[in-house]
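What follows is the content of target.txt, which has compact mmCIF, C-alpha atoms:
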```txt
# COMPACT_ATOMS: atom_id res chain seq x y z
CA MET A 291 82.48 100.71 83.10
CA LYS A 292 86.04 102.06 83.19
CA SER A 293 87.74 101.62 79.81
CA SER A 294 90.25 98.81 79.61
CA HIS A 295 92.24 96.70 77.17
CA VAL A 296 92.04 92.91 77.32
CA ILE A 297 94.65 90.38 76.24
CA LYS A 298 93.55 86.73 76.13
CA LEU A 299 96.34 84.35 77.07
CA GLU A 300 95.77 80.90 75.58
CA SER A 301 97.53 78.46 77.90
CA SER A 302 96.77 75.42 80.04
CA ARG A 303 94.32 77.62 81.94
CA GLN A 304 92.86 80.47 79.90
CA CYS A 305 93.80 83.79 81.47
CA SER A 306 92.50 87.28 80.70
CA LEU A 307 94.83 90.23 81.24
CA ILE A 308 92.91 93.47 81.75
CA VAL A 309 94.84 96.77 81.67
CA GLY A 310 93.26 100.12 82.46
CA GLU A 311 93.13 103.15 84.73
CA GLY A 312 90.94 103.21 87.85
CA ILE A 313 89.65 99.68 87.26
CA ILE A 314 90.68 98.41 90.72
CA GLU A 315 87.65 100.29 92.08
CA HIS A 316 85.31 98.41 89.77
CA LEU A 317 86.56 94.83 89.99
CA ASP A 318 83.12 93.29 89.59
CA GLU A 319 82.78 94.99 86.17
CA HIS A 320 85.85 93.15 84.93
CA PHE A 321 85.64 89.78 86.70
CA ASP A 322 82.77 87.47 87.63
CA PHE A 323 82.98 86.60 91.34
CA SER A 324 79.58 84.90 91.51
CA GLY A 325 80.76 81.29 91.25
CA TYR A 326 83.04 81.36 94.29
CA SER A 327 82.21 80.18 97.80
CA SER A 328 84.62 82.62 99.45
CA ILE A 329 87.37 85.13 98.63
CA VAL A 330 90.71 85.57 100.39
CA LEU A 331 92.60 88.81 99.79
CA VAL A 332 96.37 88.29 100.17
CA THR A 333 98.49 91.41 100.45
CA ASP A 334 101.46 92.79 102.38
CA THR A 335 101.47 95.36 105.17
CA ASN A 336 102.47 98.29 102.93
CA VAL A 337 99.91 97.61 100.20
CA HIS A 338 97.19 96.91 102.77
CA ARG A 339 97.78 100.37 104.23
CA LEU A 340 97.41 101.98 100.78
CA TYR A 341 94.69 99.92 99.10
CA GLY A 342 93.65 97.06 101.36
CA ARG A 343 90.54 98.64 102.85
CA SER A 344 89.15 99.91 99.54
CA VAL A 345 89.74 96.58 97.76
CA LEU A 346 88.21 94.67 100.67
CA ALA A 347 85.13 96.91 100.46
CA THR A 348 84.90 96.34 96.69
CA LEU A 349 85.16 92.57 97.14
CA ARG A 350 82.61 92.50 99.97
CA ALA A 351 80.20 94.47 97.79
CA THR A 352 79.99 91.35 95.59
CA GLY A 353 78.11 89.64 98.41
CA GLN A 354 80.78 86.98 98.92
CA LYS A 355 82.43 86.01 102.19
CA VAL A 356 85.79 87.83 102.20
CA SER A 357 88.79 87.46 104.53
CA PHE A 358 92.32 88.78 104.23
CA PHE A 359 95.78 87.36 104.88
CA THR A 360 98.68 89.80 105.30
CA LEU A 361 102.31 89.05 104.48
CA PRO A 362 105.39 90.86 105.74
CA THR A 363 107.09 93.07 103.17
CA GLY A 364 110.08 92.06 101.08
CA GLU A 365 111.72 88.82 99.96
CA ARG A 366 111.57 87.34 103.47
CA ALA A 367 107.88 86.69 102.81
CA LYS A 368 108.77 84.29 99.98
CA SER A 369 109.36 81.27 102.21
CA LEU A 370 107.85 77.88 102.94
CA SER A 371 107.01 79.10 106.45
CA THR A 372 104.81 81.82 104.93
CA VAL A 373 103.16 79.24 102.67
CA GLU A 374 102.45 77.05 105.71
CA ARG A 375 100.88 80.00 107.51
CA GLY A 376 98.76 80.55 104.42
CA TYR A 377 97.51 76.95 104.43
CA LYS A 378 96.57 77.25 108.11
CA PHE A 379 94.71 80.51 107.43
CA LEU A 380 92.74 78.95 104.58
CA LEU A 381 91.84 75.94 106.69
CA ALA A 382 90.81 78.12 109.62
CA ASN A 383 88.55 80.15 107.31
CA LYS A 384 87.07 76.97 105.78
CA VAL A 385 88.15 77.84 102.25
CA ASP A 386 87.14 74.99 99.94
CA ARG A 387 87.95 74.18 96.31
CA LYS A 388 85.51 76.85 95.15
CA GLY A 389 87.46 79.51 97.00
CA LEU A 390 89.32 82.33 95.24
CA ILE A 391 92.61 83.96 96.26
CA CYS A 392 93.16 87.58 95.21
CA ALA A 393 96.84 88.59 95.24
CA LEU A 394 97.08 92.36 95.75
CA GLY A 395 100.68 93.58 95.61
CA GLY A 396 103.99 93.29 93.85
CA GLY A 397 105.97 90.28 92.71
CA VAL A 398 106.52 88.82 96.18
CA VAL A 399 102.81 88.82 96.99
CA GLY A 400 101.88 87.43 93.56
CA ASP A 401 104.50 84.67 93.62
CA THR A 402 103.68 83.59 97.18
CA ALA A 403 99.90 83.81 96.96
CA GLY A 404 100.02 82.07 93.58
CA PHE A 405 102.01 79.17 95.02
CA ILE A 406 99.57 78.85 97.91
CA ALA A 407 96.71 78.76 95.39
CA ALA A 408 98.52 76.22 93.19
CA SER A 409 99.18 73.79 96.02
CA TYR A 410 96.20 74.18 98.39
CA LEU A 411 93.65 71.39 97.77
CA ARG A 412 95.66 70.59 94.60
CA GLY A 413 94.85 74.01 93.18
CA ILE A 414 92.22 76.73 93.57
CA ASP A 415 91.64 79.80 91.41
CA TYR A 416 93.56 82.99 91.99
CA LEU A 417 93.35 86.52 90.68
CA GLN A 418 96.40 88.75 90.24
CA LEU A 419 95.98 92.42 91.19
CA PRO A 420 99.51 93.76 90.59
CA THR A 421 100.36 97.09 92.20
CA THR A 422 103.94 97.64 90.98
CA LEU A 423 105.35 98.24 87.51
CA LEU A 424 107.48 95.10 87.76
CA ALA A 425 104.45 92.97 88.63
CA GLN A 426 102.27 94.54 85.91
CA VAL A 427 104.80 94.08 83.10
CA ASP A 428 106.31 90.80 84.20
CA SER A 429 105.81 88.75 87.34
CA SER A 430 102.00 88.63 87.44
CA LEU A 431 101.84 87.19 83.92
CA GLY A 432 103.02 83.74 82.93
CA GLY A 433 102.04 81.48 85.80
CA LYS A 434 105.41 81.18 87.52
CA VAL A 435 104.67 80.93 91.23
CA GLY A 436 106.92 79.95 94.10
CA VAL A 437 109.17 80.87 96.98
CA ASN A 438 112.86 81.03 97.81
CA PHE A 439 114.64 78.16 99.55
CA GLU A 440 118.07 77.81 101.17
CA GLY A 441 119.05 81.25 99.91
CA LYS A 442 118.24 80.34 96.29
CA LYS A 443 115.76 82.49 94.37
CA ASN A 444 112.46 80.81 93.35
CA MET A 445 113.81 77.30 93.95
CA VAL A 446 110.44 75.87 95.03
CA GLY A 447 107.47 76.54 92.81
CA SER A 448 105.21 75.61 89.95
CA PHE A 449 103.62 76.80 86.72
CA TYR A 450 100.05 77.78 87.59
CA GLN A 451 98.16 80.38 85.59
CA PRO A 452 95.91 82.91 87.33
CA THR A 453 92.30 83.04 86.24
CA ALA A 454 92.75 86.72 85.42
CA ILE A 455 95.15 89.63 85.90
CA ILE A 456 93.72 93.10 86.49
CA ALA A 457 96.46 95.71 86.08
CA ASP A 458 95.42 99.21 87.11
CA VAL A 459 98.11 101.68 86.03
CA ALA A 460 96.62 104.31 88.37
CA LEU A 461 98.14 102.33 91.25
CA LEU A 462 101.62 103.08 89.91
CA ARG A 463 101.24 106.76 90.91
CA SER A 464 101.85 105.80 94.54
CA LEU A 465 105.15 104.05 93.82
CA PRO A 466 108.31 105.69 95.11
CA PRO A 467 110.95 106.46 92.43
CA ALA A 468 113.09 103.50 93.54
CA GLU A 469 110.19 101.09 92.97
CA MET A 470 109.52 102.54 89.51
CA ARG A 471 113.20 102.05 88.61
CA HIS A 472 112.85 98.48 89.84
CA GLY A 473 110.13 97.84 87.24
CA LEU A 474 111.81 99.82 84.48
CA ALA A 475 114.69 97.33 84.54
CA GLU A 476 112.23 94.66 83.38
CA VAL A 477 110.82 96.99 80.73
CA ILE A 478 114.37 97.60 79.45
CA LYS A 479 114.87 93.81 79.41
CA TYR A 480 111.93 93.39 77.03
CA ALA A 481 113.16 96.25 74.85
CA ILE A 482 116.72 94.96 74.42
CA ALA A 483 115.84 91.30 74.07
CA MET A 484 112.60 91.50 72.07
CA ASP A 485 111.35 94.91 70.95
CA GLU A 486 113.53 97.54 69.28
CA GLY A 487 110.47 99.82 68.95
CA LEU A 488 110.02 99.86 72.73
CA TYR A 489 113.74 100.53 73.10
CA ARG A 490 113.46 103.61 70.87
CA ILE A 491 110.52 104.89 72.94
CA LEU A 492 112.62 104.62 76.09
CA GLU A 493 115.66 106.11 74.39
CA ARG A 494 113.70 109.16 73.20
CA LYS A 495 111.94 109.66 76.53
CA GLU A 496 112.83 112.97 78.18
CA GLY A 497 113.09 112.62 81.94
CA SER A 498 112.08 109.57 83.93
CA VAL A 499 108.47 110.35 84.90
CA PHE A 500 105.85 108.58 82.78
CA GLY A 501 102.27 109.71 82.26
CA THR A 502 99.27 107.40 82.54
CA ALA A 503 98.93 106.91 78.78
CA GLU A 504 102.65 106.11 78.49
CA LEU A 505 102.44 103.59 81.32
CA LYS A 506 99.38 101.91 79.81
CA ASP A 507 101.22 101.57 76.49
CA ILE A 508 104.33 100.16 78.18
CA VAL A 509 102.37 97.62 80.24
CA LEU A 510 100.39 96.46 77.21
CA ARG A 511 103.52 96.17 75.02
CA CYS A 512 105.40 94.13 77.61
CA CYS A 513 102.43 91.88 78.37
CA ARG A 514 101.83 91.15 74.69
CA LEU A 515 105.49 90.23 74.27
CA LYS A 516 105.38 87.91 77.26
CA ALA A 517 102.02 86.40 76.31
CA ASP A 518 103.31 85.53 72.84
CA VAL A 519 106.23 83.64 74.39
CA ILE A 520 104.13 81.85 77.00
CA GLU A 521 101.65 80.61 74.44
CA VAL A 522 104.40 78.67 72.63
CA ASP A 523 106.46 77.59 75.67
CA GLU A 524 104.37 77.82 78.84
CA THR A 525 106.47 75.48 80.99
CA GLU A 526 109.94 76.03 79.49
CA LYS A 527 110.04 72.80 77.50
CA THR A 528 111.27 74.18 74.17
CA GLY A 529 113.66 76.82 75.48
CA GLN A 530 111.81 79.75 73.90
CA ARG A 531 110.59 81.06 77.24
CA ALA A 532 114.21 81.51 78.36
CA ILE A 533 114.27 84.83 76.46
CA LEU A 534 112.25 86.27 79.36
CA ASN A 535 115.21 85.61 81.65
CA PHE A 536 117.46 88.02 79.75
CA GLY A 537 119.79 89.61 82.33
CA HIS A 538 118.54 87.35 85.11
CA THR A 539 121.39 84.82 85.30
CA VAL A 540 123.76 87.41 86.77
CA GLY A 541 120.83 89.31 88.28
CA HIS A 542 119.71 86.38 90.43
CA ALA A 543 123.33 85.64 91.33
CA LEU A 544 123.68 89.23 92.58
CA GLU A 545 120.51 88.93 94.66
CA ALA A 546 122.01 85.87 96.37
CA GLU A 547 125.23 87.76 97.08
CA ALA A 548 125.26 89.52 100.47
CA GLY A 549 127.67 92.17 99.19
CA PHE A 550 125.10 93.55 96.74
CA LYS A 551 122.66 95.97 98.36
CA GLY A 552 120.34 96.64 95.42
CA ASN A 553 116.85 95.32 94.71
CA HIS A 554 115.76 92.89 91.98
CA GLY A 555 115.51 95.55 89.29
CA GLU A 556 118.96 96.91 90.07
CA ALA A 557 120.39 93.39 89.99
CA VAL A 558 118.75 92.74 86.61
CA ALA A 559 120.14 96.04 85.28
CA VAL A 560 123.68 94.93 86.13
CA GLY A 561 122.85 91.52 84.68
CA ILE A 562 121.85 93.15 81.39
CA ILE A 563 125.16 95.02 81.27
CA ALA A 564 126.99 91.75 81.96
CA VAL A 565 125.18 90.01 79.10
CA ALA A 566 125.88 92.92 76.75
CA LYS A 567 129.59 92.79 77.59
CA ILE A 568 129.72 89.00 77.24
CA SER A 569 128.00 89.32 73.86
CA GLN A 570 130.53 91.99 72.87
CA ARG A 571 133.47 89.76 73.88
CA LEU A 572 132.02 86.95 71.78
CA GLY A 573 131.84 89.29 68.78
CA ILE A 574 128.07 89.20 68.35
CA LEU A 575 127.20 92.68 69.71
CA LYS A 576 128.67 95.96 68.50
CA THR A 577 130.52 98.20 70.94
CA ASP A 578 128.19 101.08 69.98
CA ASP A 579 125.18 99.02 71.09
CA VAL A 580 126.86 98.21 74.41
CA GLU A 581 127.36 101.94 74.98
CA ARG A 582 123.71 102.65 74.03
CA ILE A 583 122.54 100.03 76.54
CA LYS A 584 124.74 101.45 79.31
CA LYS A 585 123.50 104.97 78.58
CA LEU A 586 119.82 103.94 78.67
CA ILE A 587 120.16 102.02 81.93
CA ALA A 588 122.04 104.90 83.59
CA LYS A 589 119.47 107.38 82.26
CA PHE A 590 116.77 105.77 84.41
CA GLY A 591 118.93 105.75 87.54
CA LEU A 592 119.83 102.07 87.42
CA PRO A 593 123.34 100.73 88.15
CA ILE A 594 125.73 99.65 85.38
CA ALA A 595 128.25 97.93 87.69
CA CYS A 596 128.45 96.14 91.05
CA ALA A 597 131.61 97.48 92.65
CA GLY A 598 132.80 95.52 95.68
CA VAL A 599 130.95 92.29 94.94
CA ASN A 600 133.07 89.14 94.90
CA PRO A 601 133.12 87.89 91.26
CA ASN A 602 134.06 84.34 92.29
CA ARG A 603 130.94 84.05 94.42
CA LEU A 604 128.88 85.46 91.57
CA ILE A 605 130.22 82.85 89.15
CA ASN A 606 129.44 80.12 91.65
CA ALA A 607 125.90 81.46 92.08
CA THR A 608 125.28 81.40 88.31
CA ARG A 609 125.76 77.62 88.45
CA PHE A 610 122.49 77.40 90.38
CA ASP A 611 120.60 79.27 87.66
CA LYS A 612 117.43 77.48 86.52
CA LYS A 613 118.78 77.44 82.96
CA THR A 614 121.70 75.26 84.09
CA THR A 615 121.46 71.67 82.82
CA SER A 616 124.04 68.93 83.45
CA GLY A 617 126.37 71.54 84.93
CA GLN A 618 126.24 73.81 81.86
CA THR A 619 124.64 77.24 82.18
CA ARG A 620 122.84 78.29 79.01
CA TRP A 621 122.96 82.06 78.58
CA VAL A 622 120.52 84.48 76.97
CA LEU A 623 122.72 86.81 74.91
CA VAL A 624 122.02 89.66 72.49
CA GLU A 625 123.01 90.19 68.84
CA GLY A 626 121.54 93.69 68.53
CA ILE A 627 118.85 95.89 70.06
CA GLY A 628 115.66 93.79 70.14
CA GLN A 629 117.50 90.61 69.16
CA GLY A 630 118.03 88.35 72.15
CA ILE A 631 119.18 84.75 71.56
CA THR A 632 118.75 81.82 73.94
CA GLY A 633 120.59 78.61 74.81
CA GLN A 634 124.11 79.99 74.42
CA ALA A 635 127.10 78.27 76.03
CA VAL A 636 129.72 80.71 77.32
CA ALA A 637 133.21 79.81 78.55
CA GLU A 638 133.59 80.48 82.26
CA ASP A 639 136.75 82.48 81.62
CA THR A 640 134.73 84.97 79.53
CA VAL A 641 132.12 85.29 82.27
CA ARG A 642 134.84 85.74 84.88
CA LYS A 643 136.53 88.59 82.97
CA VAL A 644 133.25 90.47 82.58
CA LEU A 645 132.24 90.02 86.22
CA GLU A 646 135.68 91.08 87.42
CA GLU A 647 135.38 94.22 85.31
CA LEU A 648 131.93 95.05 86.69
CA SER A 649 132.88 94.41 90.32
CA ARG A 650 135.99 96.60 90.45
```
Can you dump the structure from the file as structure tokens?
Amino acid sequence: MKSSHVIKLESSRQCSLIVGEGIIEHLDEHFDFSGYSSIVLVTDTNVHRLYGRSVLATLRATGQKVSFFTLPTGERAKSLSTVERGYKFLLANKVDRKGLICALGGGVVGDTAGFIAASYLRGIDYLQLPTTLLAQVDSSLGGKVGVNFEGKKNMVGSFYQPTAIIADVALLRSLPPAEMRHGLAEVIKYAIAMDEGLYRILERKEGSVFGTAELKDIVLRCCRLKADVIEVDETEKTGQRAILNFGHTVGHALEAEAGFKGNHGEAVAVGIIAVAKISQRLGILKTDDVERIKKLIAKFGLPIACAGVNPNRLINATRFDKKTTSGQTRWVLVEGIGQGITGQAVAEDTVRKVLEELSR
């Protein structure tokens, strides 16, 4: 058996997170497929080209009936029309309540396949097989599943934990540099909001290429941080889970803004800078720490501004943030490296000044 590390997530549905190298080729050594009537592999066209055939062969070697459903690439796949196609596929392949969905891909595949699993026949099991850094450190863990609607990010969805997550860091070797940067933005989020030790690791890192051991350590650190939060606030009832959205209020607003051409990670990077500057204006974050944050984000090739984006449209988009209640957006701010704070009200004039500065 390939060596792996296991984190047990105690939530409404117990979930095991397995992190290792080369474990995607030995799925049956890490997960028991014997109790399922059929398996559906959900992936996108790019991931299918890279890993689809080998994972299909591994799943079929379990002796189960296996079929596969392919999504288009990118955010356009996160739609209700894709979910409807998924339902039709499952029905056509006679998948019953003992069926299992395996989501092989990045955040889009995991979110979409997870929502299909959560809502088909009132819920069937699903397995996350994340293939990107962002999915391994963040989106595959925590049970948030869903799709976009009317141009709004993740507006339709549910909390539905996977049965297990198998994160093979060997798959990250195939990621292009832009996709690695995408995931590193989420790693930086954890570091600034929750883990000064992780921040120092990133700050001391020479270059931007990580070895397998480094990646395994990063994935495990981030997953432990997220698991600890989920276990105390799985469905965002107490407000503690909001810490995981550090940088995402402006980040999601940027993603909804046609003038911004970056991906999710790049949007979150700018969102982190915005939060740091807001925190500085409110007198809770030192100027030196703002400069450290800017330097770290730039070091990994991520943007620290959003020149040309309309700040008024950004402010309007923040009002649709999921942390907005009764018309008041509650911000996740930062008091120091590793010290994020949730539930903070911020005057719109302060937000406007920061966004105007970043969009010049």
Selection near Ile627 (chain A), 10 Å with all atoms listed in the file, sequence-local residues under 6 positions removed, as number ranges by chain: A: 481-487, 489-490, 575-576, 579-580, 582-583
Long-range neighbours of Leu380 (chain A) as JSON, numbers by chain, 12 Å cut-off, only C-alpha atoms, 4 positions minimum in chain: {"A": [328, 329, 330, 331, 332, 356, 357, 358, 359, 373, 374, 375, 376, 384, 385, 386, 387, 389, 390, 391, 403, 406, 407, 409, 410, 411, 414]}
Non-local contacts of Glu311 (chain A) (6 Å; all atoms listed in the file; under 4 positions in same chain excluded) as a PyMOL selection string: chain A and resi 458-460
For CA of Leu361 (chain A) and CA of His542 (chain A), the interatomic separation in Å (one decimal):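 CA of His542 (chain A) lies 22.5 Å from CA of Leu361 (chain A).
For the atom pair formed by CA of Ile587 (chain A) and CA of His295 (chain A), the distance is 28.8 Å, given to one decimal.
Shortest atom-to-atom contact with Ala454 (chain A) among A:Glu504, A:Glu300, A:Asp578, A:Glu496: A:Glu300, counting only C-alpha atoms.
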Residue with smallest distance to Thr528 (chain A) - pool A:Pro452, A:Gly633, A:Pro601, A:Gly433, counting only C-alpha atoms: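 Using only C-alpha atoms, the shortest distance to Thr528 (chain A) belongs to A:Gly633.
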Point-to-point distance in Å for CA of Leu346 (chain A) and CA of Leu307 (chain A): 21.0 Å
Proximity to Leu461 (chain A) - best of A:Ala347, A:Val644, A:Val309, A:Cys513, all atoms listed in the file: A:Val309
From A:Val636, A:Phe550, A:Ala408, A:Gly555, residue lying nearest Leu572 (chain A) [only C-alpha atoms]: A:Val636
Polymer residues at most 10 Å from Tyr341 (chain A), all atoms listed in the file, same-chain spacing of 5 or more positions, as a PyMOL selection string: chain A and resi 314-315+333+336+346+394-395+421+461
Quick one: region 428-446 of chain A with N, CA and C atoms, as a compact mmCIF listing (two decimals), in the coordinates of the input?
```txt
# COMPACT_ATOMS: atom_id res chain seq x y z
N ASP A 428 105.56 92.05 84.23
CA ASP A 428 106.31 90.80 84.20
C ASP A 428 105.79 89.73 85.14
N SER A 429 105.96 89.90 86.45
CA SER A 429 105.81 88.75 87.34
C SER A 429 104.38 88.25 87.49
N SER A 430 103.38 89.11 87.28
CA SER A 430 102.00 88.63 87.44
C SER A 430 101.55 87.76 86.27
N LEU A 431 102.24 87.88 85.15
CA LEU A 431 101.84 87.19 83.92
C LEU A 431 102.76 86.01 83.64
N GLY A 432 102.20 84.87 83.34
CA GLY A 432 103.02 83.74 82.93
C GLY A 432 102.91 82.51 83.79
N GLY A 433 102.31 82.66 84.99
CA GLY A 433 102.04 81.48 85.80
C GLY A 433 103.19 80.94 86.61
N LYS A 434 104.32 81.64 86.65
CA LYS A 434 105.41 81.18 87.52
C LYS A 434 105.11 81.61 88.95
N VAL A 435 104.95 80.64 89.82
CA VAL A 435 104.67 80.93 91.23
C VAL A 435 105.66 80.16 92.08
N GLY A 436 105.99 80.68 93.25
CA GLY A 436 106.92 79.95 94.10
C GLY A 436 107.58 80.83 95.14
N VAL A 437 108.48 80.19 95.89
CA VAL A 437 109.17 80.87 96.98
C VAL A 437 110.67 80.53 96.93
N ASN A 438 111.42 81.28 97.71
CA ASN A 438 112.86 81.03 97.81
C ASN A 438 113.14 79.89 98.81
N PHE A 439 114.30 79.27 98.66
CA PHE A 439 114.64 78.16 99.55
C PHE A 439 116.15 78.05 99.67
N GLU A 440 116.64 77.95 100.91
CA GLU A 440 118.07 77.81 101.17
C GLU A 440 118.89 78.90 100.47
N GLY A 441 118.34 80.13 100.49
CA GLY A 441 119.05 81.25 99.91
C GLY A 441 119.01 81.31 98.40
N LYS A 442 118.32 80.38 97.75
CA LYS A 442 118.24 80.34 96.29
C LYS A 442 116.89 80.90 95.84
N LYS A 443 116.93 81.78 94.85
CA LYS A 443 115.76 82.49 94.37
C LYS A 443 114.81 81.55 93.63
N ASN A 444 113.54 81.54 94.05
CA ASN A 444 112.46 80.81 93.35
C ASN A 444 112.79 79.33 93.13
N MET A 445 113.40 78.70 94.12
CA MET A 445 113.81 77.30 93.95
C MET A 445 112.65 76.32 94.13
N VAL A 446 111.60 76.73 94.82
CA VAL A 446 110.44 75.87 95.03
C VAL A 446 109.23 76.54 94.40
```
